[in-house]
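See below for the structure under consideration.
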Protein chains: 2
Amino acid sequence: MGRITLAHGAGGRESEELIKRLFKFVKLRKVPNGTGLDEFDDGAFIPLSKHIVFTIDSYTVDPIFFPGGDIGKLAAAGSINDVCVMGAEPIAALDSIVVEEGFPLDQLNKIIKSMITTFENENVAILGGDLKVMPKGKIDKIVITTAVIGYLNDSKELLLDSKIRPGDKLIVSGTIGEHGAVITAFRMGIEAEFEGLKSDCEPVTKVMRTAKEIGGIHAAKDPTRGGLAMALNEFAQKSNITLYIDEEKIPIREEVNAFCEMLGIDPLFLACEGRVLIAVDSERADELLSALRRAGYDKAEIIGEARRIKGREGFVILRTRAGGLRIVEKPTGELTPRIC
Amino acid sequence: MGRITLAHGAGGRESEELIKRLFKFVKLRKVPNGTGLDEFDDGAFIPLSKHIVFTIDSYTVDPIFFPGGDIGKLAAAGSINDVCVMGAEPIAALDSIVVEEGFPLDQLNKIIKSMITTFENENVAILGGDLKVMPKGKIDKIVITTAVIGYLNDSKELLLDSKIRPGDKLIVSGTIGEHGAVITAFRMGIEAEFEGLKSDCEPVTKVMRTAKEIGGIHAAKDPTRGGLAMALNEFAQKSNITLYIDEEKIPIREEVNAFCEMLGIDPLFLACEGRVLIAVDSERADELLSALRRAGYDKAEIIGEARRIKGREGFVILRTRAGGLRIVEKPTGELTPRIC
C-alpha cells in the first residue's frame, strides 16, 4: 500500500483520496437523520434533543501494536469508556490522526480498521475527523485523538466521581493492571518472560449497561493512567469520603502478580483499559456482582466500601493481606511513559 | 516555570497539579447547569436539548508562535470556525495536548492562555481535556487537538457544502492567503523580507452571525489547507454545480501578492485561518456585502457565482485578469507541511 507522504496531510486531493480509502469500511457513517463521513463537511450534524456527555483523549501508546490490541482499538475503547463511566450511552465519534511521513500505509489501514471495528461493535457512528502528516523524525509513528459524544435520557443518569455516599460498596469489573503490565514489559524488552499476558483493552459499554439495569450506581470510573490507586483517590477526594479497600479481594492475574514481584511494582499503579470501578448502593451490591458475573465478568469483585470518618475524608485505606492498614497515595512520577 | 517532564503526562499527582495550574485562568468552566473543568471527571456534561454540530482537528503548525497568533489561538479558532461554517453557534470545547518532554512551561502557559482567551472571547466554555507527554525527540514540541460542539435551534439552519443553488453569489469575508504566506515565509527563513505580513488567524463567529441575520445563506466554508482553490472545488463538487470566479475581485493584500510573485505560488492555494467563503442567494448578496463591510469586514467581496452548465458540473472556472478562462484544480502535493 506504500507509505505516508507529506502530501497525504496537505488537505488537497491526496488527503481526500487517502481518507476516503482508509475510511470506506465504516458502516455507521452518521447518526439517524444526521450528517457525517459521506458529507465530508467541516463538522458533523447530530439531531439530538437529549443531554449530552462529551469527552476527548489523545493516544500515544508505544508499542502501537501489543498483545490484546493496538493504538486504534485503544483510541476507540478509551474514549467510549470515558463516556460510559459518566452514565451515558455513546453514540458518535470523531478521530484526529497525526502520522509520521513514511509510515507504512498498510499499518495505518490496520490501525484504522481496528478503531472502526471497536466503535461499530458498540454502535458508535464515526462522523468524520482530521488527518495530519508531520515530517519524518518530527513525531514517533502516530498519535490518535478521539472525541466521543454520548447521551443521557435524563440528567439524573449522570454519574460523577463526587456522588459516592457512606456505605456504598466498590466493585471492580475484572482483573487489574494487564494493560500497564504488558506495555511496560514490552518497553523493557521482557515480554517473552510473561507469556499469556495481554492488554485488557476493550469497551466497558456492556459492564455499564448491566450496572444501570440493576440501578443504585452512584459513580463509575475506568482506572487508566495511575491505575486503581489514582481512580480510588479521585473518588475519595471528590466525594470527600474515606474508602476502605481489602487487598485480598482485588482481582489480579497470576502473570501480573509475577510481573509486579519481579520488578517491585505496585499493581495498584498499573493502568487498565477495559475495567470499571463502580460505587453502588450497598443494598444493590450483591445483586450487581451476580449480574456482572452472569454477563461474563466472572472476575468482578466487591473490593471495599465508602465510610465517612472525621479527619479521614479524602483518604484511601488498604487493609493488606498481612492484616495491616496502609494509606494508598496518588501515584507520582512516571512508571512507563506512553502507556495509552 | 521550569520544563515539562514525563511525570507531567503520567496521569498522577504531577499531571493533576500542572493541569489545574495551567487552566486556572479559565472563566467559562462549564455550560449552564452542566459539568466541566471543576469536576475534572472522565467527561463533561452538557444539558443541551438542541441539535448539535460536532468537529475535531489536530494542530501541528510550525513555527508554534507566528505574527498574528500561535498554536493555541489557531487550535481554538480553527475548530470554532468549523462549527460556525456549519451554521451552528459554538458552545463548548475540549482540548487534548501532546507535548514534548523538556518543553518550557512558560511557553506552554502562554499557548494555553492564548487558546483560553480565544475560546472565551467567543463565549465557548472549556470543559476539560487531556495532556500527554512524549519523551524528548519523539514529538516536535507540541500538537494540540480541539473538539468543539455547537448548537442549532432548528435543523433548517444547517449549512452544507452541497446546498449551493444556481445563481448563488460567492462572497469571501476578507483578504486571502495571509496565514499560508506567513507560515511558508517563516519556514523558508525569508519572513524579514515581508514586513507587515501576519496570519489572519481568528474566529469567524461574527462574520457568520452577520450572515445569518441577513439570511439566504446556503453554504459556508473556511478555506484552510489547500486555500480558496480547495474550498471552491469542494463547493462545486458537493453541490454538483459550476462556479465562476472573477480573479480581479479576489481580495489579496499587497504583501501576499509580492510573496506569491517572488516564489511563483498561486495565492488561491494559500491557507486562510480567519476567512469564510459564503454562498448566498443572489437577492441577498449585496445586502450581505454591505452588512459585512459595516461590521468591519471592509475587504469582503462578491467574487463569483454558481451556475448549472451541462457537462461542467463540479468545475471551478476562473476569469483571469487578462480576460481568459482557466479551470482551478484541487491542489495536489504539499506546499508547506504543518501549516495548521
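Chain lettering (A, B, ...) mirrors the order of the C-alpha cells, residue numbering begins at 1 for each chain separately, and ligand numbering begins at 1 in order of display.
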Exercise for the section: Using only C-alpha atoms, find the residues of chain B whose closest atom to chain A is at most 7 Å away, then write them as a VMD selection string. Expected result: chain B and resid 6 to 7 10 to 14 41 to 58 82 to 83 86 94 96 129 to 130 134 138 to 140 147 160 to 161 225 to 226 230 330 to 334 337 to 338
Contact residues around B:Glu122 with only C-alpha atoms at 9 Å, ignoring same-chain residues under 5 positions, as an mmCIF file with N, CA, C and O atoms, in the first residue's frame:
```cif
data_model
loop_
_atom_site.group_PDB
_atom_site.id
_atom_site.type_symbol
_atom_site.label_atom_id
_atom_site.label_comp_id
_atom_site.auth_asym_id
_atom_site.auth_seq_id
_atom_site.Cartn_x
_atom_site.Cartn_y
_atom_site.Cartn_z
ATOM 1 N N ILE B 80 -13.493 26.319 16.261
ATOM 2 C CA ILE B 80 -14.659 27.217 16.325
ATOM 3 C C ILE B 80 -15.182 27.451 14.909
ATOM 4 O O ILE B 80 -16.385 27.377 14.637
ATOM 5 N N PRO B 90 -21.117 28.003 18.310
ATOM 6 C CA PRO B 90 -20.235 27.190 19.158
ATOM 7 C C PRO B 90 -20.527 27.432 20.637
ATOM 8 O O PRO B 90 -20.773 28.563 21.040
ATOM 9 N N ILE B 91 -20.503 26.368 21.426
ATOM 10 C CA ILE B 91 -20.872 26.499 22.840
ATOM 11 C C ILE B 91 -19.848 25.903 23.792
ATOM 12 O O ILE B 91 -19.654 26.411 24.893
ATOM 13 N N THR B 117 -8.177 32.446 25.895
ATOM 14 C CA THR B 117 -8.691 33.770 25.532
ATOM 15 C C THR B 117 -9.526 33.700 24.258
ATOM 16 O O THR B 117 -10.597 34.297 24.163
ATOM 17 N N PRO B 203 -11.377 33.739 14.959
ATOM 18 C CA PRO B 203 -12.689 33.105 14.822
ATOM 19 C C PRO B 203 -13.556 33.859 13.812
ATOM 20 O O PRO B 203 -13.473 35.085 13.710
ATOM 21 N N THR B 205 -16.809 33.771 13.954
ATOM 22 C CA THR B 205 -18.109 33.813 14.635
ATOM 23 C C THR B 205 -18.944 35.019 14.213
ATOM 24 O O THR B 205 -20.124 34.888 13.879
ATOM 25 N N LYS B 206 -18.322 36.208 14.232
ATOM 26 C CA LYS B 206 -19.061 37.441 13.946
ATOM 27 C C LYS B 206 -19.486 37.512 12.472
ATOM 28 O O LYS B 206 -20.592 37.944 12.162
#
```
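Minimum atom-to-atom distances from A:Lys212, A:Ile327, A:Leu105, A:Ala291 to A:Arg312 were compared using only C-alpha atoms, and the lowest value belongs to A:Ile327.
For the pair atom CA of A:Gly296 and atom CA of A:Gly177, the separation is 18.9 Å.
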Practice task
From the DSSP assignment of the backbone, select every residue of stretch 64-199 of chain B that is strand (DSSP E), and format the answer as an NGL selection string.
Solution key: :B and (65-66 or 69-70 or 89-100 or 125-134 or 142-152 or 169-172)
Practice task
Determine which residues of stretch 70-319 of chain A DSSP labels as helix (DSSP H, G or I) from the backbone of this structure, then write them out as a ChimeraX atom specification.
Solution key: /A:71-84,105-121,155-157,161-163,178-188,191-194,205-214,227-239,247-249,254-263,267-269,282-294
Exercise for the section: Could you jot down the atom CA of A:Val207 to atom CA of A:Cys260 separation for me, Å, one decimal place? Expected result: 26.8 Å
Exercise for the section: Give me the residues within 7 Å of B:Ile245 as a PyMOL selection string, counting only C-alpha atoms and dropping any in the same chain fewer than 3 places off. Expected result: chain B and resi 303-305+317-319
Applying 12 Å and only C-alpha atoms, which residues near B:Thr118 remain after dropping the ones on its own chain fewer than 2 positions away? List them as a tab-separated table (two decimals) with C-alpha atoms, in the first residue's frame.
```tsv
chain	number	residue	atom	x	y	z
B	26	VAL	CA	-10.50	29.67	32.51
B	28	LEU	CA	-16.19	29.62	31.38
B	69	GLY	CA	-1.10	34.22	16.56
B	70	ASP	CA	0.25	30.99	17.96
B	71	ILE	CA	-0.72	27.31	18.00
B	72	GLY	CA	-3.10	27.94	20.94
B	73	LYS	CA	-5.09	30.67	19.19
B	74	LEU	CA	-5.08	28.60	15.99
B	75	ALA	CA	-6.34	25.47	17.79
B	76	ALA	CA	-9.26	27.43	19.25
B	77	ALA	CA	-10.13	29.49	16.16
B	78	GLY	CA	-9.77	26.58	13.73
B	79	SER	CA	-12.33	24.34	15.44
B	80	ILE	CA	-14.66	27.22	16.33
B	81	ASN	CA	-14.67	28.06	12.62
B	93	ALA	CA	-14.76	22.86	23.70
B	111	ILE	CA	-0.05	28.91	24.40
B	112	ILE	CA	-2.81	27.72	26.71
B	113	LYS	CA	-3.68	31.27	27.77
B	114	SER	CA	-3.93	32.22	24.13
B	115	MET	CA	-6.26	29.25	23.48
B	116	ILE	CA	-8.38	30.09	26.53
B	120	GLU	CA	-13.70	32.80	25.92
B	121	ASN	CA	-13.91	35.83	23.64
B	122	GLU	CA	-16.45	33.80	21.67
B	123	ASN	CA	-18.28	32.58	24.79
B	124	VAL	CA	-17.15	29.00	24.25
B	125	ALA	CA	-16.77	27.11	27.56
B	126	ILE	CA	-13.71	24.89	28.02
B	201	CYS	CA	-5.97	33.55	12.27
B	202	GLU	CA	-9.21	34.42	14.12
B	203	PRO	CA	-12.69	33.11	14.82
B	204	VAL	CA	-15.29	33.75	12.10
B	205	THR	CA	-18.11	33.81	14.63
```
